[in-house]
Structure formats: structure tokens, C-alpha cells
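Quick notes on the structure that follows.
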Amino acid sequence: MTADRPIAELAHIIGHDFNRPEILERAVTHASAALEAGESYQRLEFLGDRVLGLVMVDLLMRQFPYEPEGALAKRLGRLVDRESLASIARSISLADWVRVGEIGQAASITASDSVMADALEAVIGAIYHDGGLEAARTAIEPMWAPLVAEQDTPPIDSKTALQEWAQGNSLPLPDYRVVERKGPDHVPVFTVEVTVSGLTGARASAGSKRAAEQEAAMVLLAEIEDNE
């Protein structure tokens with residue numbers, strides 16, 4: 001399936017004039033369309049993940065020059081997690097350009113946070129591949145500026161918060177286990193249950209095991225807060 005909107009519109013939105021537009025075309029080609037449209041975005045996603053990390057670390061070190069490494073790591077983790085990537089991808093309507101095959105269409109995979117996050121990383125990889133690090137930085141920093149501005153203090157993820165709560169109450173560390181996995185390999189859905197000794201467990205589902213663990217921890221923390 002070829003997306004309806006011209007690829008030049010996406011290049012304009014992300015702020016990079018491609019010397020080789022075919023690289024951006026590849027960056028928005030999902031694996032389900034690879035047999036129809038050539039190589040998928042997976043290699044560019046691998047590259048884009050590393051480029052994004054480097055650009056964001058540099059940005060955070062300039063923005064917060066006196067914070068220790070641990071605080072910067074917490075900021076970085078939140079800024080490059082799947083939820084943040086998917087949010088930014090949707091803010092630029094990236095799904096309008098993602099090319100999927102018949103299987104992908106049937107599964108509505110462009111609704112998946114995982115697919116949106118991967119596609120955005122692939123786009124970043126395409127920018128770097130076409131224009132180098134400064135071109136990638138020029139595109140990335142404006143897209144991430146609102147999320148950076150929201151971080152008044154280094155965030156604490158829900159798994160860390162739950163672990164700290166358990167330790168503060170002299171309880172064993174939280175235990176996470178996958179209780180169900182559904183969906184095809186390219187759009188899996190994991191259901192994870194988290195338990196802490198003496199408490200009723202909490203469950204949550206997401207497109208990755210890690211994201212489901214975070215969601216389950218958040219649910220349990222909310223229940224703890226309601227009962228205190």
C-alpha cells in the first residue's frame with residue numbers, strides 16, 4: 001500500500017530537504033509491505049535509535065549542565081521511550097505516510113505505538129543517512145523541545161517508583177510475569193501482571209513487554225495510593 005500523501009510533504013514537516021528521497025520512502029515502509037515495496041525500515045530504525053540517543057544526550061547535557069549522570073539518564077529514558085516516540089510520530093501525522101501491506105492494513109498496525117515509534121526512529125535514521133549528524137540534530141531538537149520543556153525535574157518511571165515503595169516498606173521487590181501474549185509477530189500485545197508480597201496484583205497490556213510492565217506498575221501504584 002502506498003500512502004496517499006506525497007513524501008515531499010513529510011520531508012517539509014520534519015525540516016530536511018532530502019538529496020535522496022528514496023531513503024525517506026524506505027523509512028516509512030513497514031515490513032508487511034517489504035515484498036511489495038522493497039526493503040523495509042528496520043535497518044534505518046536501528047540507525048535512528050542510536051542517532052536519537054546521541055542527539056538527546058548532547059541536548060540534555062547542554063540544557064542541564066549541572067545535573068549528575070543518573071538524573072540525565074532518567075530524563076533520557078523518558079524522552080526516548082516508546083510512548084514519547086509514538087506521541088511525536090502522531091503529532092506530525094506520520095501514519096499518513098507509513099506504507100503497509102495487506103496484512104498490516106487488516107491489523108491496522110499504524111494504530112500501534114510500537115509501529116509509530118519504530119517508523120519515527122527510521123525517519124531519523126534516514127535524515128542522518130542523507131544529511132549527517134547536524135541535519136539529524138536540526139530535525140530532532142524542535143520535535144522534542146516540548147517534551148524537554150515539560151521535565152521540570154528528572155522523571156521517575158513507574159517500575160522504579162514501585163520498587164522504591166516496596167523497599168521503603170521492607171517488602172520484597174515487585175515480581176513481573178507475562179500472563180498473555182496475543183497478536184501477530186509484527187504487532188504483539190503483551191499482558192503483564194505485577195505482584196508485591198501482601199498486595200493484590202495488577203495487570204496491564206501494551207505492545208512490548210517493557211511497556212506493559214511500566215503500565216502494570218503504574219496501575220498498582222495508583223491502587224496503593226487510593227488505599228493509603
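Residues in the C-alpha cells are named by chain (A, B, ... in the order shown) and by number from 1 within that chain; ligands are numbered from 1 in the order shown.
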Can I get the residues of stretch 98-217 of chain A within 6 Å of stretch 41-63 of chain A, each with the closest pair of atoms and their distance in Å to one decimal, using only C-alpha atoms, sorted chain first then ascending number, as JSON lines?
```
{"residue": "A:Asp118", "atom": "CA", "partner": "A:Glu45", "partner_atom": "CA", "distance": 5.9}
{"residue": "A:Glu121", "atom": "CA", "partner": "A:Gly48", "partner_atom": "CA", "distance": 4.6}
{"residue": "A:Ala122", "atom": "CA", "partner": "A:Glu45", "partner_atom": "CA", "distance": 3.7}
{"residue": "A:Ile124", "atom": "CA", "partner": "A:Gly48", "partner_atom": "CA", "distance": 4.9}
{"residue": "A:Gly125", "atom": "CA", "partner": "A:Gly48", "partner_atom": "CA", "distance": 3.6}
```
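Closest approach to A:Val187 among A:Val115, A:Leu85, A:Ala8, A:Met143: A:Val115, based on only C-alpha atoms.
You will find atom CA of A:Pro6 at 27.4 Å from atom CA of A:Val80.
Closest approach to A:Lys159 from the set A:Asp175, A:Glu180, A:Asp113, A:Glu213 is made by A:Glu213, with distances taken over only C-alpha atoms.
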Which parts of stretch 82-134 of chain A does DSSP call helix (DSSP H, G or I) when run on the backbone here, written out as a ChimeraX atom specification?
/A:82-91,94-96,102-107,109-111,113-131,133-134
Since we have the selection now, will you write its residues out, keeping N, CA and C atoms, as a CSV table (one decimal), in the first residue's frame?
```csv
chain,number,residue,atom,x,y,z
A,82,ARG,N,9.1,4.4,24.1
A,82,ARG,CA,8.1,4.1,23.1
A,82,ARG,C,6.9,5.1,23.1
A,83,GLU,N,6.5,5.4,24.3
A,83,GLU,CA,5.3,6.3,24.4
A,83,GLU,C,5.6,7.7,23.8
A,84,SER,N,6.8,8.2,24.2
A,84,SER,CA,7.2,9.6,23.7
A,84,SER,C,7.4,9.6,22.2
A,85,LEU,N,8.1,8.5,21.7
A,85,LEU,CA,8.3,8.4,20.3
A,85,LEU,C,6.9,8.4,19.5
A,86,ALA,N,6.0,7.5,20.0
A,86,ALA,CA,4.7,7.4,19.3
A,86,ALA,C,4.0,8.7,19.4
A,87,SER,N,4.1,9.4,20.5
A,87,SER,CA,3.4,10.7,20.6
A,87,SER,C,3.9,11.7,19.6
A,88,ILE,N,5.2,11.8,19.5
A,88,ILE,CA,5.8,12.7,18.5
A,88,ILE,C,5.4,12.3,17.1
A,89,ALA,N,5.5,11.0,16.8
A,89,ALA,CA,5.1,10.5,15.5
A,89,ALA,C,3.7,10.9,15.1
A,90,ARG,N,2.8,10.8,16.1
A,90,ARG,CA,1.4,11.2,15.8
A,90,ARG,C,1.2,12.7,15.7
A,91,SER,N,2.1,13.5,16.4
A,91,SER,CA,2.0,14.9,16.3
A,91,SER,C,2.3,15.4,14.9
A,94,LEU,N,2.6,11.0,11.2
A,94,LEU,CA,3.5,10.1,10.4
A,94,LEU,C,2.7,8.9,9.9
A,95,ALA,N,1.6,8.5,10.5
A,95,ALA,CA,0.9,7.4,10.0
A,95,ALA,C,0.3,7.6,8.6
A,96,ASP,N,0.2,8.9,8.2
A,96,ASP,CA,-0.3,9.2,6.9
A,96,ASP,C,0.7,8.7,5.8
A,102,GLU,N,-1.0,-5.8,2.9
A,102,GLU,CA,-2.4,-6.2,3.1
A,102,GLU,C,-2.6,-6.7,4.6
A,103,ILE,N,-1.6,-7.5,5.0
A,103,ILE,CA,-1.7,-8.0,6.4
A,103,ILE,C,-1.7,-6.8,7.4
A,104,GLY,N,-0.8,-5.8,7.1
A,104,GLY,CA,-0.7,-4.7,8.0
A,104,GLY,C,-2.0,-3.9,8.0
A,105,GLN,N,-2.6,-3.7,6.8
A,105,GLN,CA,-3.9,-3.0,6.7
A,105,GLN,C,-4.9,-3.7,7.5
A,106,ALA,N,-5.0,-5.0,7.4
A,106,ALA,CA,-6.0,-5.7,8.1
A,106,ALA,C,-5.9,-5.6,9.6
A,107,ALA,N,-4.6,-5.5,10.1
A,107,ALA,CA,-4.3,-5.4,11.5
A,107,ALA,C,-4.3,-4.0,12.0
A,109,ILE,N,-2.1,-1.7,11.8
A,109,ILE,CA,-0.8,-1.6,12.5
A,109,ILE,C,-0.4,-0.2,12.8
A,110,THR,N,-0.8,0.8,11.9
A,110,THR,CA,-0.4,2.2,12.2
A,110,THR,C,-1.0,2.8,13.4
A,111,ALA,N,-2.0,2.0,14.0
A,111,ALA,CA,-2.5,2.5,15.3
A,111,ALA,C,-1.6,2.0,16.5
A,113,ASP,N,1.5,1.9,18.9
A,113,ASP,CA,2.6,2.7,19.4
A,113,ASP,C,3.9,2.2,19.0
A,114,SER,N,4.1,0.9,19.0
A,114,SER,CA,5.3,0.3,18.6
A,114,SER,C,5.7,0.6,17.1
A,115,VAL,N,4.7,0.5,16.2
A,115,VAL,CA,5.0,0.8,14.8
A,115,VAL,C,5.3,2.3,14.6
A,116,MET,N,4.6,3.1,15.3
A,116,MET,CA,4.8,4.6,15.1
A,116,MET,C,6.2,5.0,15.7
A,117,ALA,N,6.5,4.4,16.8
A,117,ALA,CA,7.9,4.7,17.4
A,117,ALA,C,9.0,4.2,16.5
A,118,ASP,N,8.8,3.0,15.9
A,118,ASP,CA,9.8,2.4,15.0
A,118,ASP,C,10.0,3.2,13.8
A,119,ALA,N,8.8,3.7,13.2
A,119,ALA,CA,8.8,4.4,12.0
A,119,ALA,C,9.5,5.8,12.2
A,120,LEU,N,9.3,6.4,13.3
A,120,LEU,CA,9.9,7.7,13.6
A,120,LEU,C,11.4,7.5,13.7
A,121,GLU,N,11.9,6.5,14.4
A,121,GLU,CA,13.3,6.2,14.5
A,121,GLU,C,13.9,6.0,13.1
A,122,ALA,N,13.1,5.3,12.3
A,122,ALA,CA,13.6,5.1,10.9
A,122,ALA,C,13.7,6.4,10.1
A,123,VAL,N,12.8,7.3,10.3
A,123,VAL,CA,12.9,8.6,9.7
A,123,VAL,C,14.1,9.3,10.1
A,124,ILE,N,14.4,9.3,11.4
A,124,ILE,CA,15.6,9.9,12.0
A,124,ILE,C,16.9,9.3,11.3
A,125,GLY,N,16.8,8.0,11.2
A,125,GLY,CA,18.0,7.3,10.6
A,125,GLY,C,18.1,7.7,9.1
A,126,ALA,N,17.0,7.9,8.4
A,126,ALA,CA,17.0,8.4,7.0
A,126,ALA,C,17.6,9.8,6.9
A,127,ILE,N,17.3,10.7,7.8
A,127,ILE,CA,17.8,12.0,7.8
A,127,ILE,C,19.4,12.0,8.0
A,128,TYR,N,19.8,11.2,9.0
A,128,TYR,CA,21.2,11.0,9.2
A,128,TYR,C,21.9,10.4,8.0
A,129,HIS,N,21.3,9.4,7.4
A,129,HIS,CA,22.0,8.7,6.3
A,129,HIS,C,22.1,9.7,5.1
A,130,ASP,N,21.1,10.6,5.0
A,130,ASP,CA,21.1,11.5,3.8
A,130,ASP,C,21.9,12.8,4.1
A,131,GLY,N,21.9,13.3,5.3
A,131,GLY,CA,22.5,14.6,5.6
A,131,GLY,C,23.5,14.7,6.7
A,133,LEU,N,24.9,14.2,10.9
A,133,LEU,CA,24.5,14.4,12.2
A,133,LEU,C,23.9,15.7,12.4
A,134,GLU,N,24.4,16.8,11.8
A,134,GLU,CA,23.8,18.1,12.1
A,134,GLU,C,22.4,18.2,11.5
```
Neighbouring residues of A:Trp144 were defined as those with any atom within 8 Å, considering only C-alpha atoms; residues of the same chain fewer than 3 positions away were excluded. Please report them as a count of residues only.
6
Report the residues of stretch 31-178 of chain A whose backbone DSSP state falls under strand (DSSP E or B), written as a list in words.
Arg99, Asp175, Tyr176, Arg177 and Val178 of chain A
May I have the residues within 9 Å of A:Leu171 as a PyMOL selection string, using only C-alpha atoms and disregarding those fewer than 3 positions away in the same chain?
chain A and resi 165-168+174+196-198
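The nearest approach to A:Gly183 among the residues A:Ile156, A:Leu199, A:Ala206, A:Val100, with only C-alpha atoms taken into account, belongs to A:Ala206.
Relative to atom CA of A:Ala145, atom CA of A:Val28 is found at 23.2 Å.
One distance worth recording is that between atom CA of A:Ser93 and atom CA of A:His12, which is 12.6 Å.
Ranking A:Val179, A:Ala217, A:Leu72, A:Ile92 by their shortest atom-to-atom distance to A:Gly15, with only C-alpha atoms included, puts A:Ile92 first.
Distance annotation: of A:Thr195, A:Ser112, A:Thr160, A:Asn169, the residue with the minimal separation from A:Gly207 is A:Ser112; atom set is only C-alpha atoms.
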Need to verify the contact set: A:Arg177, 8 Å, only C-alpha atoms, exclusion of same-chain residues closer than 4 positions in sequence. Can you return it as a PyMOL selection string?
chain A and resi 192-194
Take the residues from that selection and write them out as a tab-separated table (two decimals), in the first residue's frame, keeping N, CA and C atoms.
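To be explicit, this is the file written out as selection.tsv:
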```tsv
chain	number	residue	atom	x	y	z
A	192	VAL	N	0.95	-8.16	31.22
A	192	VAL	CA	1.88	-8.43	32.31
A	192	VAL	C	1.18	-8.21	33.64
A	193	GLU	N	1.48	-9.10	34.58
A	193	GLU	CA	0.97	-8.94	35.95
A	193	GLU	C	2.14	-8.65	36.88
A	194	VAL	N	1.97	-7.66	37.74
A	194	VAL	CA	2.97	-7.35	38.74
A	194	VAL	C	2.39	-7.63	40.11
```
